[in-house]
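Structure file target.cif; described as mmCIF, C-alpha atoms.
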data_input
loop_
_atom_site.group_PDB
_atom_site.id
_atom_site.type_symbol
_atom_site.label_atom_id
_atom_site.label_comp_id
_atom_site.auth_asym_id
_atom_site.auth_seq_id
_atom_site.Cartn_x
_atom_site.Cartn_y
_atom_site.Cartn_z
ATOM 1 C CA MET A 827 57.086 38.383 -14.626
ATOM 2 C CA GLU A 828 54.389 36.377 -12.870
ATOM 3 C CA ASP A 829 53.917 37.153 -9.167
ATOM 4 C CA ASN A 830 55.159 34.348 -6.876
ATOM 5 C CA SER A 831 52.811 34.476 -3.895
ATOM 6 C CA THR A 832 54.786 32.154 -1.661
ATOM 7 C CA GLN A 833 58.002 34.093 -2.226
ATOM 8 C CA ILE A 834 56.229 37.368 -1.507
ATOM 9 C CA LEU A 835 54.920 36.034 1.810
ATOM 10 C CA LYS A 836 58.349 34.724 2.798
ATOM 11 C CA GLU A 837 59.905 38.132 2.143
ATOM 12 C CA LYS A 838 57.164 39.863 4.135
ATOM 13 C CA LYS A 839 57.503 37.692 7.246
ATOM 14 C CA GLU A 840 58.092 40.561 9.675
ATOM 15 C CA ALA A 841 55.213 42.556 8.208
ATOM 16 C CA ILE A 842 52.914 39.536 8.481
ATOM 17 C CA LEU A 843 53.854 38.926 12.114
ATOM 18 C CA GLU A 844 53.388 42.580 13.057
ATOM 19 C CA LEU A 845 50.031 42.812 11.292
ATOM 20 C CA TRP A 846 48.877 39.525 12.833
ATOM 21 C CA ILE A 847 49.752 40.671 16.356
ATOM 22 C CA THR A 848 47.917 43.942 15.727
ATOM 23 C CA LYS A 849 44.813 42.121 14.549
ATOM 24 C CA GLN A 850 44.858 39.790 17.568
ATOM 25 C CA MET A 851 45.099 42.765 19.898
ATOM 26 C CA ALA A 852 42.162 44.431 18.126
ATOM 27 C CA GLU A 853 40.005 41.315 18.606
ATOM 28 C CA ASP A 854 41.046 40.581 22.196
ATOM 29 C CA SER A 855 41.352 43.395 24.721
ATOM 30 C CA TYR A 856 43.184 41.020 27.115
ATOM 31 C CA PHE A 857 45.776 40.029 24.525
ATOM 32 C CA ASN A 858 49.302 40.152 25.967
ATOM 33 C CA ALA A 859 51.680 40.801 23.080
ATOM 34 C CA GLU A 860 54.820 40.055 25.073
ATOM 35 C CA ASP A 861 53.603 36.682 26.330
ATOM 36 C CA GLN A 862 52.064 35.495 23.059
ATOM 37 C CA LYS A 863 54.379 36.985 20.441
ATOM 38 C CA GLU A 864 56.844 34.097 20.830
ATOM 39 C CA ASP A 865 54.185 31.502 19.959
ATOM 40 C CA SER A 866 53.026 33.574 17.001
ATOM 41 C CA ASP A 867 56.617 34.090 15.807
ATOM 42 C CA ASP A 868 57.361 30.348 15.941
ATOM 43 C CA PHE A 869 54.203 29.558 14.022
ATOM 44 C CA VAL A 870 54.827 32.179 11.306
ATOM 45 C CA ASN A 871 58.378 30.889 10.771
ATOM 46 C CA ALA A 872 57.244 27.265 10.548
ATOM 47 C CA PHE A 873 54.359 28.096 8.215
ATOM 48 C CA LEU A 874 56.372 30.236 5.786
ATOM 49 C CA ASN A 875 59.272 27.764 5.750
ATOM 50 C CA ALA A 876 56.863 24.965 4.824
ATOM 51 C CA LEU A 877 54.879 26.930 2.238
ATOM 52 C CA ASN A 878 55.986 26.712 -1.402
ATOM 53 C CA GLU A 879 54.507 26.708 -4.874
ATOM 54 C CA SER A 880 54.285 22.905 -4.933
ATOM 55 C CA ASN A 881 52.133 22.562 -1.803
ATOM 56 C CA ILE A 882 50.130 25.780 -1.805
ATOM 57 C CA ASN A 883 47.361 23.825 -3.502
ATOM 58 C CA ASP A 884 47.467 20.915 -1.027
ATOM 59 C CA LYS A 885 46.242 21.599 2.516
ATOM 60 C CA ASP A 886 47.278 18.083 3.590
ATOM 61 C CA ALA A 887 50.815 18.201 2.189
ATOM 62 C CA LYS A 888 53.490 16.474 4.285
ATOM 63 C CA GLY A 889 55.435 19.712 4.373
ATOM 64 C CA PHE A 890 52.849 21.112 6.795
ATOM 65 C CA GLU A 891 53.202 18.291 9.357
ATOM 66 C CA LYS A 892 55.647 20.257 11.518
ATOM 67 C CA VAL A 893 53.358 23.280 11.320
ATOM 68 C CA HIS A 894 50.429 21.145 12.440
ATOM 69 C CA ASP A 895 52.446 19.802 15.396
ATOM 70 C CA ILE A 896 53.375 23.319 16.506
ATOM 71 C CA LEU A 897 49.774 24.453 16.113
ATOM 72 C CA MET A 898 48.421 21.523 18.148
ATOM 73 C CA GLY A 899 50.919 22.264 20.905
ATOM 74 C CA ILE A 900 49.912 25.930 20.992
ATOM 75 C CA SER A 901 46.196 25.054 21.010
ATOM 76 C CA VAL A 902 46.523 22.520 23.837
ATOM 77 C CA SER A 903 48.612 24.967 25.850
ATOM 78 C CA ARG A 904 46.103 27.782 25.344
ATOM 79 C CA ALA A 905 43.201 25.562 26.397
ATOM 80 C CA LYS A 906 45.015 24.646 29.611
ATOM 81 C CA ARG A 907 45.811 28.316 30.252
ATOM 82 C CA GLY A 908 42.133 29.259 30.108
ATOM 83 C CA PHE A 909 41.730 30.714 26.612
ATOM 84 C CA THR A 910 38.179 30.630 25.257
ATOM 85 C CA PRO A 911 37.046 28.845 22.047
ATOM 86 C CA ARG A 912 36.506 32.258 20.439
ATOM 87 C CA GLU A 913 40.071 33.316 21.215
ATOM 88 C CA THR A 914 41.278 30.043 19.747
ATOM 89 C CA GLY A 915 39.386 30.714 16.517
ATOM 90 C CA VAL A 916 40.524 34.335 16.350
ATOM 91 C CA TYR A 917 44.131 33.144 16.572
ATOM 92 C CA MET A 918 43.946 31.439 13.164
ATOM 93 C CA PHE A 919 41.438 33.630 11.368
ATOM 94 C CA THR A 920 43.383 36.815 12.084
ATOM 95 C CA PHE A 921 46.469 35.043 10.720
ATOM 96 C CA LYS A 922 44.597 34.363 7.486
ATOM 97 C CA GLU A 923 43.497 38.000 7.325
ATOM 98 C CA ALA A 924 47.102 39.152 7.744
ATOM 99 C CA LEU A 925 48.338 36.825 4.981
ATOM 100 C CA LEU A 926 45.659 37.869 2.504
ATOM 101 C CA GLU A 927 46.062 41.565 3.296
ATOM 102 C CA ILE A 928 49.825 41.449 2.663
ATOM 103 C CA LEU A 929 49.269 39.406 -0.471
ATOM 104 C CA SER A 930 46.710 41.846 -1.867
ATOM 105 C CA LYS A 931 49.255 44.682 -1.664
ATOM 106 C CA ASP A 932 51.997 42.891 -3.593
ATOM 107 C CA VAL A 933 50.272 40.665 -6.158
ATOM 108 C CA SER A 934 49.392 42.808 -9.146
ATOM 109 C CA ASP A 935 47.489 40.225 -11.182
ATOM 110 C CA PRO A 936 43.857 40.080 -9.907
ATOM 111 C CA ALA A 937 43.324 36.564 -11.263
ATOM 112 C CA LYS A 938 46.519 35.304 -9.620
ATOM 113 C CA LEU A 939 45.592 37.042 -6.366
ATOM 114 C CA TYR A 940 42.131 35.460 -6.347
ATOM 115 C CA GLU A 941 43.467 31.990 -7.146
ATOM 116 C CA ASP A 942 46.232 32.015 -4.524
ATOM 117 C CA SER A 943 43.987 33.624 -1.899
ATOM 118 C CA LEU A 944 41.595 30.685 -2.226
ATOM 119 C CA LYS A 945 44.453 28.212 -1.901
ATOM 120 C CA ILE A 946 45.850 29.882 1.210
ATOM 121 C CA SER A 947 42.369 30.180 2.712
ATOM 122 C CA LYS A 948 41.863 26.415 2.373
ATOM 123 C CA ILE A 949 45.194 25.751 4.076
ATOM 124 C CA ILE A 950 44.455 28.092 6.981
ATOM 125 C CA ASP A 951 40.839 26.907 7.354
ATOM 126 C CA ASN A 952 42.126 23.338 7.663
ATOM 127 C CA MET A 953 44.570 24.489 10.321
ATOM 128 C CA ALA A 954 41.743 26.264 12.138
ATOM 129 C CA ILE A 955 39.968 22.921 12.416
ATOM 130 C CA LEU A 956 43.138 21.407 13.870
ATOM 131 C CA THR A 957 43.278 24.311 16.294
ATOM 132 C CA PHE A 958 39.829 23.485 17.642
ATOM 133 C CA GLU A 959 40.753 19.804 17.878
ATOM 134 C CA GLY A 960 43.821 20.769 19.891
ATOM 135 C CA TYR A 961 41.732 23.069 22.075
ATOM 136 C CA ILE A 962 39.234 20.284 22.799
ATOM 137 C CA LYS A 963 42.067 17.901 23.701
ATOM 138 C CA GLY A 964 43.535 20.506 26.041
ATOM 139 C CA ARG A 965 40.197 21.079 27.756
ATOM 140 C CA GLU A 966 39.640 17.328 28.063
ATOM 141 C CA ASP A 967 43.011 17.043 29.792
ATOM 142 C CA VAL A 968 42.028 19.823 32.201
ATOM 143 C CA ILE A 969 38.634 18.247 32.912
ATOM 144 C CA SER A 970 40.214 14.815 33.412
ATOM 145 C CA ARG A 971 42.720 16.231 35.889
ATOM 146 C CA GLN A 972 40.047 18.139 37.758
ATOM 147 C CA THR A 973 37.837 15.040 37.859
ATOM 148 C CA ASP A 974 40.670 13.027 39.378
ATOM 149 C CA GLU A 975 41.277 15.754 41.960
ATOM 150 C CA ILE A 976 37.587 15.995 42.850
ATOM 151 C CA THR A 977 37.345 12.201 43.116
ATOM 152 C CA GLU A 978 40.341 12.170 45.432
ATOM 153 C CA ILE A 979 38.870 14.924 47.601
ATOM 154 C CA SER A 980 35.389 13.368 47.651
ATOM 155 C CA THR A 981 36.588 10.048 49.075
ATOM 156 C CA PRO A 982 38.088 10.991 52.463
ATOM 157 C CA VAL A 983 38.759 8.148 54.901
ATOM 158 C CA ILE A 984 38.109 9.307 58.470
ATOM 159 C CA ARG A 985 39.509 7.684 61.588
ATOM 160 C CA VAL A 986 36.487 7.890 63.895
ATOM 161 C CA TRP A 987 37.886 5.743 66.717
ATOM 162 C CA ASP A 988 40.852 3.567 67.518
ATOM 163 C CA GLY A 989 40.477 0.612 65.192
ATOM 164 C CA VAL A 990 37.546 2.148 63.260
ATOM 165 C CA VAL A 991 37.677 4.102 60.009
ATOM 166 C CA ALA A 992 34.758 5.499 58.024
ATOM 167 C CA LEU A 993 34.424 6.435 54.377
ATOM 168 C CA PRO A 994 31.418 8.611 53.460
ATOM 169 C CA ILE A 995 30.670 8.165 49.753
ATOM 170 C CA ILE A 996 28.933 11.041 47.968
ATOM 171 C CA GLY A 997 27.774 10.740 44.370
ATOM 172 C CA THR A 998 27.621 7.847 41.940
ATOM 173 C CA LEU A 999 30.062 4.952 42.126
ATOM 174 C CA ASP A 1000 31.622 3.874 38.848
ATOM 175 C CA SER A 1001 34.555 1.558 38.126
ATOM 176 C CA ALA A 1002 37.194 4.305 38.196
ATOM 177 C CA ARG A 1003 35.911 5.840 41.417
ATOM 178 C CA THR A 1004 35.543 2.436 43.077
ATOM 179 C CA GLN A 1005 39.233 1.867 42.443
ATOM 180 C CA VAL A 1006 40.080 5.143 44.211
ATOM 181 C CA VAL A 1007 37.715 4.271 47.076
ATOM 182 C CA MET A 1008 39.344 0.868 47.584
ATOM 183 C CA GLU A 1009 42.887 2.237 47.375
ATOM 184 C CA ASN A 1010 42.202 5.003 49.917
ATOM 185 C CA LEU A 1011 40.307 2.709 52.269
ATOM 186 C CA LEU A 1012 42.840 -0.131 52.178
ATOM 187 C CA GLN A 1013 45.726 2.284 52.658
ATOM 188 C CA GLN A 1014 44.095 3.808 55.744
ATOM 189 C CA ILE A 1015 43.282 0.374 57.182
ATOM 190 C CA VAL A 1016 46.951 -0.578 56.906
ATOM 191 C CA GLU A 1017 48.258 2.753 58.235
ATOM 192 C CA THR A 1018 45.886 2.904 61.218
ATOM 193 C CA GLY A 1019 45.753 -0.820 61.949
ATOM 194 C CA SER A 1020 41.944 -0.627 61.945
ATOM 195 C CA THR A 1021 39.859 -3.766 62.111
ATOM 196 C CA ILE A 1022 36.521 -2.221 61.179
ATOM 197 C CA ALA A 1023 35.665 -0.044 58.176
ATOM 198 C CA ILE A 1024 32.353 1.733 57.710
ATOM 199 C CA LEU A 1025 31.155 2.599 54.206
ATOM 200 C CA ASP A 1026 28.438 5.214 54.433
ATOM 201 C CA ILE A 1027 26.363 5.447 51.239
ATOM 202 C CA SER A 1028 23.745 7.917 52.465
ATOM 203 C CA GLY A 1029 25.125 10.354 49.874
ATOM 204 C CA VAL A 1030 24.773 7.909 46.985
ATOM 205 C CA PRO A 1031 21.652 8.944 45.009
ATOM 206 C CA ALA A 1032 20.744 5.466 43.774
ATOM 207 C CA VAL A 1033 21.958 1.897 44.019
ATOM 208 C CA ASP A 1034 21.745 -0.408 41.035
ATOM 209 C CA SER A 1035 23.326 -3.781 40.367
ATOM 210 C CA LEU A 1036 26.556 -2.143 39.153
ATOM 211 C CA VAL A 1037 26.934 0.013 42.274
ATOM 212 C CA ALA A 1038 26.159 -3.020 44.442
ATOM 213 C CA GLN A 1039 28.889 -5.009 42.711
ATOM 214 C CA HIS A 1040 31.358 -2.188 43.353
ATOM 215 C CA LEU A 1041 30.398 -2.170 47.041
ATOM 216 C CA ILE A 1042 30.770 -5.933 47.301
ATOM 217 C CA LYS A 1043 34.240 -5.739 45.730
ATOM 218 C CA THR A 1044 35.248 -3.075 48.237
ATOM 219 C CA VAL A 1045 33.985 -5.201 51.134
ATOM 220 C CA SER A 1046 35.887 -8.232 49.803
ATOM 221 C CA ALA A 1047 39.108 -6.246 49.472
ATOM 222 C CA THR A 1048 38.687 -4.950 53.026
ATOM 223 C CA ARG A 1049 38.231 -8.465 54.411
ATOM 224 C CA LEU A 1050 41.414 -9.641 52.699
ATOM 225 C CA LEU A 1051 43.252 -7.266 55.051
ATOM 226 C CA GLY A 1052 41.532 -8.822 58.058
ATOM 227 C CA ALA A 1053 39.058 -5.981 58.621
ATOM 228 C CA GLU A 1054 35.282 -6.219 58.821
ATOM 229 C CA CYS A 1055 33.186 -3.848 56.722
ATOM 230 C CA ILE A 1056 29.864 -2.277 57.643
ATOM 231 C CA ILE A 1057 27.690 -0.495 55.067
ATOM 232 C CA SER A 1058 25.567 2.310 56.498
ATOM 233 C CA GLY A 1059 23.098 4.745 54.968
ATOM 234 C CA ILE A 1060 20.706 2.098 53.656
ATOM 235 C CA ARG A 1061 17.602 4.231 53.149
ATOM 236 C CA PRO A 1062 14.160 2.575 52.725
ATOM 237 C CA GLU A 1063 14.073 3.320 48.988
ATOM 238 C CA ILE A 1064 17.548 1.829 48.518
ATOM 239 C CA ALA A 1065 16.508 -1.271 50.506
ATOM 240 C CA GLN A 1066 13.517 -1.738 48.186
ATOM 241 C CA ILE A 1067 15.709 -1.397 45.095
ATOM 242 C CA VAL A 1068 18.224 -3.918 46.439
ATOM 243 C CA VAL A 1069 15.467 -6.442 47.123
ATOM 244 C CA HIS A 1070 13.811 -5.777 43.759
ATOM 245 C CA LEU A 1071 17.086 -6.343 41.898
ATOM 246 C CA GLY A 1072 17.753 -9.527 43.834
ATOM 247 C CA ILE A 1073 21.124 -8.297 45.098
ATOM 248 C CA ASP A 1074 22.476 -10.506 47.885
ATOM 249 C CA LEU A 1075 23.942 -8.435 50.703
ATOM 250 C CA SER A 1076 23.135 -11.024 53.362
ATOM 251 C CA ASN A 1077 26.782 -11.656 54.231
ATOM 252 C CA ILE A 1078 27.468 -7.936 54.735
ATOM 253 C CA ILE A 1079 26.552 -5.974 57.859
ATOM 254 C CA THR A 1080 24.234 -3.145 56.845
ATOM 255 C CA LYS A 1081 22.810 -0.302 58.929
ATOM 256 C CA SER A 1082 20.408 2.521 58.222
ATOM 257 C CA THR A 1083 22.551 5.281 59.717
ATOM 258 C CA LEU A 1084 26.188 6.037 60.369
ATOM 259 C CA ALA A 1085 25.460 6.328 64.096
ATOM 260 C CA SER A 1086 23.985 2.841 64.124
ATOM 261 C CA ALA A 1087 26.997 1.501 62.247
ATOM 262 C CA LEU A 1088 29.351 3.136 64.740
ATOM 263 C CA GLN A 1089 27.433 1.604 67.637
ATOM 264 C CA THR A 1090 27.738 -1.798 65.963
ATOM 265 C CA ALA A 1091 31.471 -1.236 65.548
ATOM 266 C CA PHE A 1092 31.771 -0.459 69.272
ATOM 267 C CA ASN A 1093 29.910 -3.653 70.134
ATOM 268 C CA MET A 1094 32.212 -5.674 67.891
ATOM 269 C CA LEU A 1095 35.229 -4.151 69.626
ATOM 270 C CA GLN A 1096 33.569 -4.704 73.022
ATOM 271 C CA LEU A 1097 33.615 -0.994 73.771
ATOM 272 C CA GLU A 1098 31.049 1.000 75.727
ATOM 273 C CA VAL A 1099 30.525 4.742 75.582
ATOM 274 C CA HIS A 1100 28.974 6.347 78.641
ATOM 275 C CA LYS A 1101 27.683 9.860 78.997
ATOM 276 C CA LYS A 1102 29.547 11.606 81.774
ATOM 277 C CA LYS A 1103 27.381 13.492 84.225
ATOM 278 C CA GLY A 1104 28.505 16.950 85.176
ATOM 279 C CA ASN A 1105 27.947 20.627 84.741
ATOM 280 C CA PHE A 1106 29.039 22.417 81.591
ATOM 281 C CA ILE A 1107 30.754 25.756 82.101
ATOM 282 C CA ASN A 1108 29.941 28.452 79.540
ATOM 283 C CA ASN A 1109 32.550 31.143 79.191
#
Whole structure given in C-alpha cells:
Amino acid sequence: MEDNSTQILKEKKEAILELWITKQMAEDSYFNAEDQKEDSDDFVNAFLNALNESNINDKDAKGFEKVHDILMGISVSRAKRGFTPRETGVYMFTFKEALLEILSKDVSDPAKLYEDSLKISKIIDNMAILTFEGYIKGREDVISRQTDEITEISTPVIRVWDGVVALPIIGTLDSARTQVVMENLLQQIVETGSTIAILDISGVPAVDSLVAQHLIKTVSATRLLGAECIISGIRPEIAQIVVHLGIDLSNIITKSTLASALQTAFNMLQLEVHKKKGNFINN
C-alpha cells in the first residue's frame, strides 16, 4: 500500500509539535516553551487540518488561507514583542525540519519521500516568506507608533508668560508633523487664552520652500484664533536661504533669538520687566 504522507503527518501531530518545540529551543536559548507553545499548537492544528493530498502540490491553495492568516497574526505579534528577524525565520524553518524528519521515519518508499518532501518544502518556504512580510508589517506598526510618540513629545507648547506661549521646533517639518504642531499650538492658545505665540525654529536644520509654507500655514491658523505669531531663531544662513528662494515672510514678525521674540511679545502686551536690586543670600 502506497504511503499517504498527509495522513501520516496528521496522525503524528503531537510528535511534530513536540519535535518542533525542541528544535526551537535548541536554536533560541531565550525560547519560552510555555509562552510560545500555544501559538505553535494553533499553527500545527491549522496546517495539518488544511493539508491534504489534493493541495500538497499547490502552495497557494485556498485551503491554506486560514493558515496564512494565523501565521501573519503570529508574525506581527512577534515583531511587536521584540523578536528578531532570525527568530522569525527559525520559527518556520524548524517547523519544516520537524515535518520532514517525522516523514522520513514513516514513509518507506524513497521516491515517494523525496517527492513529497519537495512539495512540503515549497509550501513551508512560501509560508516563511509570508512570515517575514508579517514581521515587517509588525515592525512598521511599532516604528509608526514610536514616531507618533516622538513627534508628540518633540512639539511641547510652553506657557512662558501670561498671554504668551512658545513652541520650540526641533528637527525637520513635514506635513504630518506640521499638523501636530498646529493642533498642539492652537489647543494651548485656547486653553491659556494667550494672544501671542512664539514659534522658535532655531532647532530646524534647514528651511526650504516646503518648510516655509508649513510655517505660514501655522501662523495663519494662529491668527484665526485672534493670536499674533512671532517666528524666532532666524539664523543668518536661514535668512539667506529665505531670500534666495523668494519666500515672502514680510507680513510675519521674525526675530533672530527667542529672547528677542519674548521682548517683542512684552512690548506688544505693554509689559516691562525690571531687574530688582538687592542682595542674594547663598545658603
For this session: Please write as a VMD selection string the full residue list that the PyMOL selection byres ((chain A and resi 891-900) around 7) yields on this file.
Result: chain A and resid 869 872 to 873 888 to 890 901 to 904 956 to 957 960
Selection to disk with C-alpha atoms, as an mmCIF file, in the frame of the given file:
data_model
loop_
_atom_site.group_PDB
_atom_site.id
_atom_site.type_symbol
_atom_site.label_atom_id
_atom_site.label_comp_id
_atom_site.auth_asym_id
_atom_site.auth_seq_id
_atom_site.Cartn_x
_atom_site.Cartn_y
_atom_site.Cartn_z
ATOM 1 C CA PHE A 869 54.203 29.558 14.022
ATOM 2 C CA ALA A 872 57.244 27.265 10.548
ATOM 3 C CA PHE A 873 54.359 28.096 8.215
ATOM 4 C CA LYS A 888 53.490 16.474 4.285
ATOM 5 C CA GLY A 889 55.435 19.712 4.373
ATOM 6 C CA PHE A 890 52.849 21.112 6.795
ATOM 7 C CA SER A 901 46.196 25.054 21.010
ATOM 8 C CA VAL A 902 46.523 22.520 23.837
ATOM 9 C CA SER A 903 48.612 24.967 25.850
ATOM 10 C CA ARG A 904 46.103 27.782 25.344
ATOM 11 C CA LEU A 956 43.138 21.407 13.870
ATOM 12 C CA THR A 957 43.278 24.311 16.294
ATOM 13 C CA GLY A 960 43.821 20.769 19.891
#
For this session: Expand the PyMOL selection byres ((chain A and resi 1061) around 12) into the individual residues it matches in the shown file, reporting them as a VMD selection string.
Result: chain A and resid 1026 to 1033 1057 to 1060 1062 to 1068 1080 to 1084
Exercise. Neighbours of range 837-842 of chain A within 9 Å (all atoms listed in the file; same-chain residues fewer than 5 positions away dropped), as a PyMOL selection string?
Worked result: chain A and resi 832+847+870-871+874+921+924-925+927-928
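For Lys945 in chain A, the non-local neighbours within 12 Å, defined as residues at least 5 positions apart in the same chain or in other chains and counting all atoms listed in the file, are A:Ser831, A:Thr832, A:Leu877, A:Asn878, A:Glu879, A:Ser880, A:Asn881, A:Ile882, A:Asn883, A:Asp884, A:Lys885, A:Asp886, A:Lys922, A:Leu925, A:Leu926, A:Lys938, A:Leu939, A:Tyr940, A:Ile950, A:Asp951, A:Asn952.
In this structure, CA of Thr848 in chain A sits 19.7 Å away from CA of Ser947 in chain A.
With all atoms listed in the file as the atoms that count, the residue of A:Asn1010, A:Thr1004, A:Thr1021, A:Ser930 with the shortest distance to Asp988 in chain A is A:Thr1021.
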When the PyMOL selection byres ((chain A and resi 1073) around 12) is applied to the file above, which residues end up in the set, as a PDB file with C-alpha atoms, in the frame of the given file?
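Result file selection.pdb:
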ATOM      1  CA  VAL A1033      21.958   1.897  44.019  1.00  0.00           C
ATOM      2  CA  ASP A1034      21.745  -0.408  41.035  1.00  0.00           C
ATOM      3  CA  SER A1035      23.326  -3.781  40.367  1.00  0.00           C
ATOM      4  CA  LEU A1036      26.556  -2.143  39.153  1.00  0.00           C
ATOM      5  CA  VAL A1037      26.934   0.013  42.274  1.00  0.00           C
ATOM      6  CA  ALA A1038      26.159  -3.020  44.442  1.00  0.00           C
ATOM      7  CA  GLN A1039      28.889  -5.009  42.711  1.00  0.00           C
ATOM      8  CA  LEU A1041      30.398  -2.170  47.041  1.00  0.00           C
ATOM      9  CA  ILE A1042      30.770  -5.933  47.301  1.00  0.00           C
ATOM     10  CA  ILE A1064      17.548   1.829  48.518  1.00  0.00           C
ATOM     11  CA  ALA A1065      16.508  -1.271  50.506  1.00  0.00           C
ATOM     12  CA  GLN A1066      13.517  -1.738  48.186  1.00  0.00           C
ATOM     13  CA  ILE A1067      15.709  -1.397  45.095  1.00  0.00           C
ATOM     14  CA  VAL A1068      18.224  -3.918  46.439  1.00  0.00           C
ATOM     15  CA  VAL A1069      15.467  -6.442  47.123  1.00  0.00           C
ATOM     16  CA  HIS A1070      13.811  -5.777  43.759  1.00  0.00           C
ATOM     17  CA  LEU A1071      17.086  -6.343  41.898  1.00  0.00           C
ATOM     18  CA  GLY A1072      17.753  -9.527  43.834  1.00  0.00           C
ATOM     19  CA  ASP A1074      22.476 -10.506  47.885  1.00  0.00           C
ATOM     20  CA  LEU A1075      23.942  -8.435  50.703  1.00  0.00           C
ATOM     21  CA  SER A1076      23.135 -11.024  53.362  1.00  0.00           C
ATOM     22  CA  ASN A1077      26.782 -11.656  54.231  1.00  0.00           C
ATOM     23  CA  ILE A1078      27.468  -7.936  54.735  1.00  0.00           C
TER      24      ILE A1078
END
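As for CA of Leu1088 in chain A and CA of His1100 in chain A, they are spaced 14.3 Å apart.
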For this session: For each of A:Ala954, A:Thr1090, A:Thr998, A:Ile949, take the minimum atom-to-atom distance to Ala876 in chain A, counting all atoms listed in the file, then give the residue where this is smallest.
Result: A:Ile949
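Of the listed residues (A:Asn830, A:Ser866, A:Thr1048, A:Gln1089), A:Asn830 comes nearest to Leu929 in chain A; the distances count only C-alpha atoms.
Remark: residues at most 12 Å from position (45.6, 0.1, 56.9) in file coordinates are Val983, Ile984, Arg985, Gly989, Val990, Val991, Met1008, Glu1009, Asn1010, Leu1011, Leu1012, Gln1013, Gln1014, Ile1015, Val1016, Glu1017, Thr1018, Gly1019, Ser1020, Thr1021, Ile1022, Ala1023, Ala1047, Thr1048, Arg1049, Leu1050, Leu1051, Gly1052 and Ala1053 of chain A, using all atoms listed in the file.
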Once you have the residues from the selection above, write them out as a compact mmCIF listing (two decimals), in the frame of the given file, restricted to C-alpha atoms.
# COMPACT_ATOMS: atom_id res chain seq x y z
CA VAL A 983 38.76 8.15 54.90
CA ILE A 984 38.11 9.31 58.47
CA ARG A 985 39.51 7.68 61.59
CA GLY A 989 40.48 0.61 65.19
CA VAL A 990 37.55 2.15 63.26
CA VAL A 991 37.68 4.10 60.01
CA MET A 1008 39.34 0.87 47.58
CA GLU A 1009 42.89 2.24 47.38
CA ASN A 1010 42.20 5.00 49.92
CA LEU A 1011 40.31 2.71 52.27
CA LEU A 1012 42.84 -0.13 52.18
CA GLN A 1013 45.73 2.28 52.66
CA GLN A 1014 44.10 3.81 55.74
CA ILE A 1015 43.28 0.37 57.18
CA VAL A 1016 46.95 -0.58 56.91
CA GLU A 1017 48.26 2.75 58.24
CA THR A 1018 45.89 2.90 61.22
CA GLY A 1019 45.75 -0.82 61.95
CA SER A 1020 41.94 -0.63 61.94
CA THR A 1021 39.86 -3.77 62.11
CA ILE A 1022 36.52 -2.22 61.18
CA ALA A 1023 35.66 -0.04 58.18
CA ALA A 1047 39.11 -6.25 49.47
CA THR A 1048 38.69 -4.95 53.03
CA ARG A 1049 38.23 -8.46 54.41
CA LEU A 1050 41.41 -9.64 52.70
CA LEU A 1051 43.25 -7.27 55.05
CA GLY A 1052 41.53 -8.82 58.06
CA ALA A 1053 39.06 -5.98 58.62
Enclose range 832-841 of chain A, meaning all of its atoms listed in the file, in a box aligned along x, y and z, pad it by 3 Å on each side, and list the centre and edge lengths in Å to one decimal, as lines of an AutoDock Vina configuration file.
center_x = 57.3
center_y = 37.4
center_z = 3.7
size_x = 11.1
size_y = 16.4
size_z = 17.9
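When CA of Gln862 in chain A is paired with CA of Lys849 in chain A, their separation reads 13.0 Å.
Restricting the calculation to all atoms listed in the file, the smallest distance between Asp867 in chain A and any of A:Ala937, A:Gln850, A:Glu844, A:Val1007 is found for A:Glu844.
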For this session: Between A:Ala905, A:Ala887, A:Leu1025, A:Val916, single out the one closest to Ala992 in chain A, counting only C-alpha atoms.
Result: A:Leu1025
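Counting only C-alpha atoms, the residue from A:Glu1054, A:Lys1103, A:Thr1044, A:Leu843 that sits nearest to Leu999 in chain A is A:Thr1044.
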I need range 1059-1066 of chain A written out with N, CA, C and O atoms, as a PDB file, in the first residue's frame; please produce it.
ATOM      1  N   GLY A1059      14.491  82.495  15.970  1.00  0.00           N
ATOM      2  CA  GLY A1059      15.516  81.527  15.578  1.00  0.00           C
ATOM      3  C   GLY A1059      15.926  81.646  14.129  1.00  0.00           C
ATOM      4  O   GLY A1059      16.425  80.679  13.535  1.00  0.00           O
ATOM      5  N   ILE A1060      15.702  82.812  13.534  1.00  0.00           N
ATOM      6  CA  ILE A1060      16.094  83.043  12.141  1.00  0.00           C
ATOM      7  C   ILE A1060      17.602  83.306  12.097  1.00  0.00           C
ATOM      8  O   ILE A1060      18.068  84.424  12.325  1.00  0.00           O
ATOM      9  N   ARG A1061      18.365  82.252  11.839  1.00  0.00           N
ATOM     10  CA  ARG A1061      19.819  82.387  11.766  1.00  0.00           C
ATOM     11  C   ARG A1061      20.211  83.037  10.432  1.00  0.00           C
ATOM     12  O   ARG A1061      19.430  83.015   9.468  1.00  0.00           O
ATOM     13  N   PRO A1062      21.429  83.603  10.350  1.00  0.00           N
ATOM     14  CA  PRO A1062      21.859  84.263   9.105  1.00  0.00           C
ATOM     15  C   PRO A1062      21.752  83.355   7.876  1.00  0.00           C
ATOM     16  O   PRO A1062      21.293  83.796   6.809  1.00  0.00           O
ATOM     17  N   GLU A1063      22.148  82.087   8.033  1.00  0.00           N
ATOM     18  CA  GLU A1063      22.100  81.183   6.874  1.00  0.00           C
ATOM     19  C   GLU A1063      20.665  80.906   6.435  1.00  0.00           C
ATOM     20  O   GLU A1063      20.383  80.767   5.241  1.00  0.00           O
ATOM     21  N   ILE A1064      19.744  80.836   7.427  1.00  0.00           N
ATOM     22  CA  ILE A1064      18.337  80.624   7.085  1.00  0.00           C
ATOM     23  C   ILE A1064      17.782  81.864   6.398  1.00  0.00           C
ATOM     24  O   ILE A1064      17.016  81.764   5.427  1.00  0.00           O
ATOM     25  N   ALA A1065      18.180  83.062   6.877  1.00  0.00           N
ATOM     26  CA  ALA A1065      17.724  84.309   6.255  1.00  0.00           C
ATOM     27  C   ALA A1065      18.159  84.367   4.792  1.00  0.00           C
ATOM     28  O   ALA A1065      17.380  84.778   3.916  1.00  0.00           O
ATOM     29  N   GLN A1066      19.382  83.939   4.518  1.00  0.00           N
ATOM     30  CA  GLN A1066      19.889  83.952   3.136  1.00  0.00           C
ATOM     31  C   GLN A1066      19.095  82.986   2.258  1.00  0.00           C
ATOM     32  O   GLN A1066      18.764  83.301   1.108  1.00  0.00           O
TER      33      GLN A1066
END
